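Participant: My structure is in upload04.txt, and what it holds is compact mmCIF, C-alpha atoms and all ligand atoms:
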```txt
# COMPACT_ATOMS: atom_id res chain seq x y z
CA ARG V 1 0.00 0.00 0.00
CA VAL V 2 1.27 3.45 -0.82
CA ARG V 3 0.93 6.61 1.19
CA VAL V 4 0.35 9.82 -0.67
CA ARG V 5 3.10 11.99 0.80
CA GLY V 6 2.43 15.65 1.39
CA VAL V 7 -1.34 15.32 1.16
CA THR V 8 -3.68 16.17 4.02
CA ILE V 9 -7.40 15.70 3.75
CA HIS V 10 -9.96 16.65 6.38
CA ARG V 11 -13.52 15.74 7.19
CA PRO V 12 -15.63 18.17 9.25
CA VAL V 13 -17.62 16.73 12.13
CA ILE V 14 -19.74 17.96 14.98
CA TYR V 15 -19.99 16.18 18.28
CA GLY V 16 -21.91 16.90 21.44
CA ASN V 17 -25.29 16.45 23.02
CA THR V 18 -28.86 17.59 23.35
CA ALA V 19 -30.74 17.21 26.63
CA THR V 20 -34.32 17.61 27.78
CA VAL V 21 -35.91 17.57 31.22
CA LEU V 22 -37.99 14.44 31.82
CA SER V 23 -41.69 15.23 32.07
CA PRO V 24 -43.48 14.13 35.27
CA ALA V 25 -44.98 11.21 33.27
CA GLU V 26 -41.54 10.17 31.98
CA ARG V 27 -40.12 10.35 35.49
CA GLU V 28 -42.78 7.92 36.63
CA THR V 29 -41.92 5.31 34.00
CA CYS V 30 -38.14 5.81 34.25
CA PRO V 31 -36.64 2.89 36.22
CA PHE V 32 -34.27 5.27 38.01
CA PRO V 33 -36.19 7.66 40.32
CA ASP V 34 -33.23 10.06 40.59
CA HIS V 35 -32.93 10.59 36.83
CA THR V 36 -34.02 14.05 35.72
CA HIS V 37 -32.96 14.31 32.06
CA ARG V 38 -32.90 12.46 28.77
CA TRP V 39 -29.89 13.15 26.59
CA THR V 40 -28.53 12.18 23.19
CA LEU V 41 -24.85 12.16 22.43
CA ALA V 42 -23.65 12.04 18.83
CA VAL V 43 -20.87 12.36 16.30
CA ARG V 44 -22.25 13.67 13.02
CA SER V 45 -21.09 15.10 9.78
CA ALA V 46 -20.85 18.88 9.92
CA ALA V 47 -22.54 18.82 6.53
CA SER V 48 -25.94 18.43 8.22
CA ALA V 49 -27.78 20.05 11.10
CA PRO V 50 -27.01 18.92 14.68
CA ASP V 51 -30.54 17.71 15.33
CA SER V 52 -31.05 16.06 11.96
CA ASP V 53 -31.77 12.35 12.09
CA ILE V 54 -30.99 11.66 8.46
CA VAL V 55 -29.18 8.37 7.94
CA GLY V 56 -27.28 7.96 4.71
CA GLY V 57 -26.32 10.75 2.39
CA ALA V 58 -24.38 13.65 3.85
CA ASP V 59 -24.84 12.60 7.46
CA ASP V 60 -23.54 9.07 7.04
CA LEU V 61 -19.94 8.96 8.27
CA SER V 62 -19.68 5.19 7.97
CA TYR V 63 -17.73 5.33 4.72
CA PHE V 64 -14.68 6.23 6.83
CA ILE V 65 -15.77 5.68 10.47
CA LYS V 66 -16.17 2.09 11.62
CA ARG V 67 -17.01 2.56 15.27
CA VAL V 68 -17.55 5.30 17.82
CA THR V 69 -16.94 4.41 21.46
CA PHE V 70 -18.55 6.62 24.06
CA LYS V 71 -17.05 6.24 27.52
CA LEU V 72 -19.66 7.32 30.06
CA HIS V 73 -19.34 8.11 33.76
CA ASP V 74 -18.72 5.06 35.94
CA THR V 75 -22.13 5.51 37.59
CA TYR V 76 -23.61 3.99 34.40
CA ALA V 77 -23.95 0.25 33.88
CA ASN V 78 -21.57 -0.80 31.07
CA PRO V 79 -20.07 2.69 30.72
CA THR V 80 -18.20 1.81 27.51
CA ARG V 81 -20.69 1.95 24.65
CA ASN V 82 -19.71 0.94 21.13
CA ILE V 83 -21.76 2.20 18.22
CA ASP V 84 -20.91 0.28 15.07
CA LYS V 85 -23.24 1.81 12.53
CA PRO V 86 -24.70 5.21 11.76
CA PRO V 87 -26.13 7.25 13.25
CA PHE V 88 -23.22 7.30 15.68
CA GLU V 89 -25.31 8.34 18.64
CA LEU V 90 -26.47 7.21 22.04
CA SER V 91 -29.45 8.19 24.21
CA GLU V 92 -29.65 7.75 27.96
CA THR V 93 -31.30 9.21 31.00
CA GLY V 94 -29.43 10.56 34.02
CA TRP V 95 -29.12 13.25 36.63
CA GLY V 96 -25.66 14.69 36.25
CA GLU V 97 -23.21 16.30 33.85
CA PHE V 98 -19.84 14.67 33.26
CA GLU V 99 -16.93 14.43 30.86
CA ILE V 100 -17.36 11.94 28.01
CA GLN V 101 -14.51 10.35 26.11
CA ILE V 102 -15.38 9.80 22.46
CA ARG V 103 -13.11 7.46 20.55
CA ILE V 104 -13.46 7.34 16.78
CA HIS V 105 -12.22 4.22 14.99
CA PHE V 106 -11.68 4.41 11.26
CA VAL V 107 -12.37 1.75 8.65
CA ALA V 108 -9.64 -0.88 8.45
CA GLU V 109 -8.63 0.14 4.90
CA SER V 110 -7.61 3.56 6.25
CA GLY V 111 -4.69 2.24 8.28
CA GLU V 112 -5.41 5.15 10.67
CA LYS V 113 -5.21 4.92 14.46
CA PRO V 114 -8.32 5.83 16.48
CA ILE V 115 -8.63 9.42 17.71
CA THR V 116 -10.06 10.65 21.01
CA LEU V 117 -12.31 13.65 21.56
CA TYR V 118 -13.77 14.94 24.82
CA HIS V 119 -17.17 16.43 25.45
CA HIS V 120 -18.71 17.75 28.63
CA LEU V 121 -22.26 16.37 28.72
CA LYS V 122 -24.45 19.42 29.22
CA LEU V 123 -27.87 19.08 30.84
CA HIS V 124 -28.56 22.49 32.31
CA PRO V 125 -29.50 25.55 30.25
CA TRP V 126 -26.87 28.17 29.54
CA SER V 127 -27.58 30.77 32.21
CA LEU V 128 -28.75 34.08 30.77
CA THR V 129 -29.64 35.75 34.04
CA PHE V 130 -27.45 37.51 36.55
CA PRO V 131 -26.85 35.07 39.43
CA THR V 132 -28.90 35.60 42.58
CA PRO V 133 -26.67 35.52 45.67
CA GLY V 134 -27.04 32.26 47.55
CA THR V 135 -28.40 30.28 44.62
CA ASP V 136 -26.64 28.12 42.06
CA PRO V 137 -26.69 30.20 38.86
CA GLU V 138 -26.10 27.18 36.65
CA ILE V 139 -29.04 25.01 37.65
CA PRO V 140 -32.58 26.37 37.29
CA SER V 141 -35.49 24.44 38.82
CA PRO V 142 -36.70 21.51 36.67
CA GLU V 143 -39.91 23.46 35.92
CA ASN V 144 -37.99 26.49 34.65
CA ALA V 145 -35.47 24.33 32.79
CA ALA V 146 -38.34 22.49 31.05
CA LYS V 147 -39.80 25.84 29.94
CA MET V 148 -36.43 26.83 28.48
CA GLY V 149 -36.58 23.85 26.11
CA PRO V 150 -33.86 21.44 24.95
CA VAL V 151 -30.25 22.22 25.73
CA HIS V 152 -27.74 21.91 22.89
CA SER V 153 -23.98 21.68 23.27
CA TRP V 154 -22.02 20.95 20.11
CA GLN V 155 -18.44 21.33 19.04
CA TYR V 156 -17.01 21.51 15.55
CA ASP V 157 -13.82 19.76 14.59
CA GLU V 158 -12.01 18.61 11.49
CA ILE V 159 -10.54 15.13 11.41
CA VAL V 160 -7.27 15.49 9.56
CA PHE V 161 -5.55 12.65 7.73
CA SER V 162 -1.95 13.27 6.70
CA ASP V 163 -0.14 11.19 4.08
CA PRO V 164 -3.20 8.95 3.63
CA PHE V 165 -3.00 5.63 1.83
CA GLN V 166 -3.96 6.06 -1.82
CA SER V 167 -6.90 3.66 -1.42
CA PHE V 168 -8.21 5.59 1.62
CA LEU V 169 -7.81 8.88 -0.22
CA ASN V 170 -9.84 7.42 -3.09
CA LEU V 171 -12.50 6.29 -0.64
CA LEU V 172 -12.69 9.73 1.03
CA THR V 173 -12.88 11.66 -2.20
CA ALA V 174 -15.50 9.35 -3.71
CA TYR V 175 -18.08 10.95 -1.36
C1 LIG V 201 -21.63 14.95 39.30
N1 LIG V 201 -19.40 14.42 38.61
O1 LIG V 201 -21.44 14.66 40.49
C2 LIG V 201 -20.75 14.31 38.26
C3 LIG V 201 -21.15 12.90 38.08
C4 LIG V 201 -22.79 11.32 37.12
C5 LIG V 201 -24.06 11.26 36.42
C6 LIG V 201 -22.40 12.76 37.34
C7 LIG V 201 -26.61 8.44 35.94
C8 LIG V 201 -26.10 7.41 36.83
C9 LIG V 201 -26.93 6.17 37.05
C10 LIG V 201 -25.94 9.76 36.01
O2 LIG V 201 -26.56 10.74 35.65
N2 LIG V 201 -24.64 9.93 36.40
O3 LIG V 201 -27.66 5.78 36.15
O4 LIG V 201 -26.84 5.67 38.14
O5 LIG V 201 -22.47 15.76 38.96
```
Can you present the structure in this file as structure tokens?
Ligand code: SLL

Facilitator:
Amino acid sequence: RVRVRGVTIHRPVIYGNTATVLSPAERETCPFPDHTHRWTLAVRSAASAPDSDIVGGADDLSYFIKRVTFKLHDTYANPTRNIDKPPFELSETGWGEFEIQIRIHFVAESGEKPITLYHHLKLHPWSLTFPTPGTDPEIPSPENAAKMGPVHSWQYDEIVFSDPFQSFLNLLTAY
């Protein structure tokens, strides 16, 4: 296999999460009484909107990504979650924010090592108000948070491949 020296090629991605407050009805059916939120974590092509659920076409990263591993907080059962097909996303319920390790594995033909990204799972709305002394400015009541609607926290990045194998370069540029 030959590497194409001097060539770099990048693919833009977004990664992050959305979160919503569980409704009183959802809290009743949720097996964990302390869980307050439902969240979805994802790695998507930057070519489509963060909350799009299109599979295939521009949002399908599987032509070069084989697996995305999300490493959750140890309070979760089986915290290491492998997603082996698009959409590369994961939904869960919970009560707390934490740092997530996102490991992206590329298709075998690429010869590329996995890369690691980090995302802080965000559940609570971005605070727009001046903090009131003696209260936690970051965490509104569940009622107020529900009124504020879903929380979105996304980051943009470009996955860069340097000196790619010719066959991988062909694969990337075919899309
Ligand atoms: C905190 N450092 O204290 C963080 C940890 C952990 C969140 C947050 C679910 C756990 C389960 C969950 O939301 N864990 O299902 O038991 O805020």

Participant: Would you tabulate, counting all atoms listed in the file, all residues of chain V that have an atom at most 7 Å from an atom of ligand LIG 201 (chain V), showing the closest pair of atoms and their distance in Å to one decimal, sorted by chain then ascending number, as CSV?

Facilitator:
```
residue,atom,partner,partner_atom,distance
V:Phe32,CA,V:LIG201,O3,6.9
V:His35,CA,V:LIG201,O2,6.5
V:His73,CA,V:LIG201,C4,5.8
V:Thr75,CA,V:LIG201,C8,4.5
V:Tyr76,CA,V:LIG201,O3,4.8
V:Thr93,CA,V:LIG201,O2,6.8
V:Gly94,CA,V:LIG201,O2,3.3
V:Trp95,CA,V:LIG201,O2,3.7
V:Gly96,CA,V:LIG201,C5,3.8
V:Glu97,CA,V:LIG201,C6,5.0
V:Phe98,CA,V:LIG201,C2,5.1
```

Participant: Just give me the gap between CA of Pro150 (chain V) and CA of Asp34 (chain V) in Å, one decimal is fine.

Facilitator: 19.4 Å

Participant: Quick one: of V:Ile65, V:Ala19, V:Leu72, V:Leu169, who's nearest to Glu99 (chain V), counting all atoms listed in the file?

Facilitator: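 Smallest separation from Glu99 (chain V) among the options: V:Leu72.
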
Participant: Quick one: residues within 8 Å of region 156-159 of chain V, only C-alpha atoms, excluding same-chain residues fewer than 2 positions away - as a list of chain:residue names?

Facilitator: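 Answer for this query is V:His10, V:Arg11, V:Pro12, V:Val13, V:Ile14, V:Tyr15, V:Ala46, V:Trp154, V:Phe161.
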
Participant: Of the candidates V:His124, V:Lys113, V:Ser45, V:His119, which one gets nearest to Pro164 (chain V) if we count only C-alpha atoms?

Facilitator: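 Result for the nearest residue to Pro164 (chain V): V:Lys113.
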
Participant: CA of Arg81 (chain V) to CA of Val21 (chain V): how many Å, to one decimal?

Facilitator: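 For CA of Arg81 (chain V) relative to CA of Val21 (chain V), the distance reads 22.8 Å.
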
Participant: Name the closest residue to Glu112 (chain V) among the candidates V:Phe88, V:Tyr63, V:Phe70, V:Phe165; distances are taken between atoms, counting all atoms listed in the file.

Facilitator: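 Once distances to Glu112 (chain V) are computed over all atoms listed in the file, the minimum belongs to V:Phe165.
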
Participant: Report, in Å to a single decimal, how far apart CA of Pro86 (chain V) and CA of Ser62 (chain V) are.

Facilitator: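 Interatomic distance, CA of Ser62 (chain V) to CA of Pro86 (chain V): 6.3 Å.
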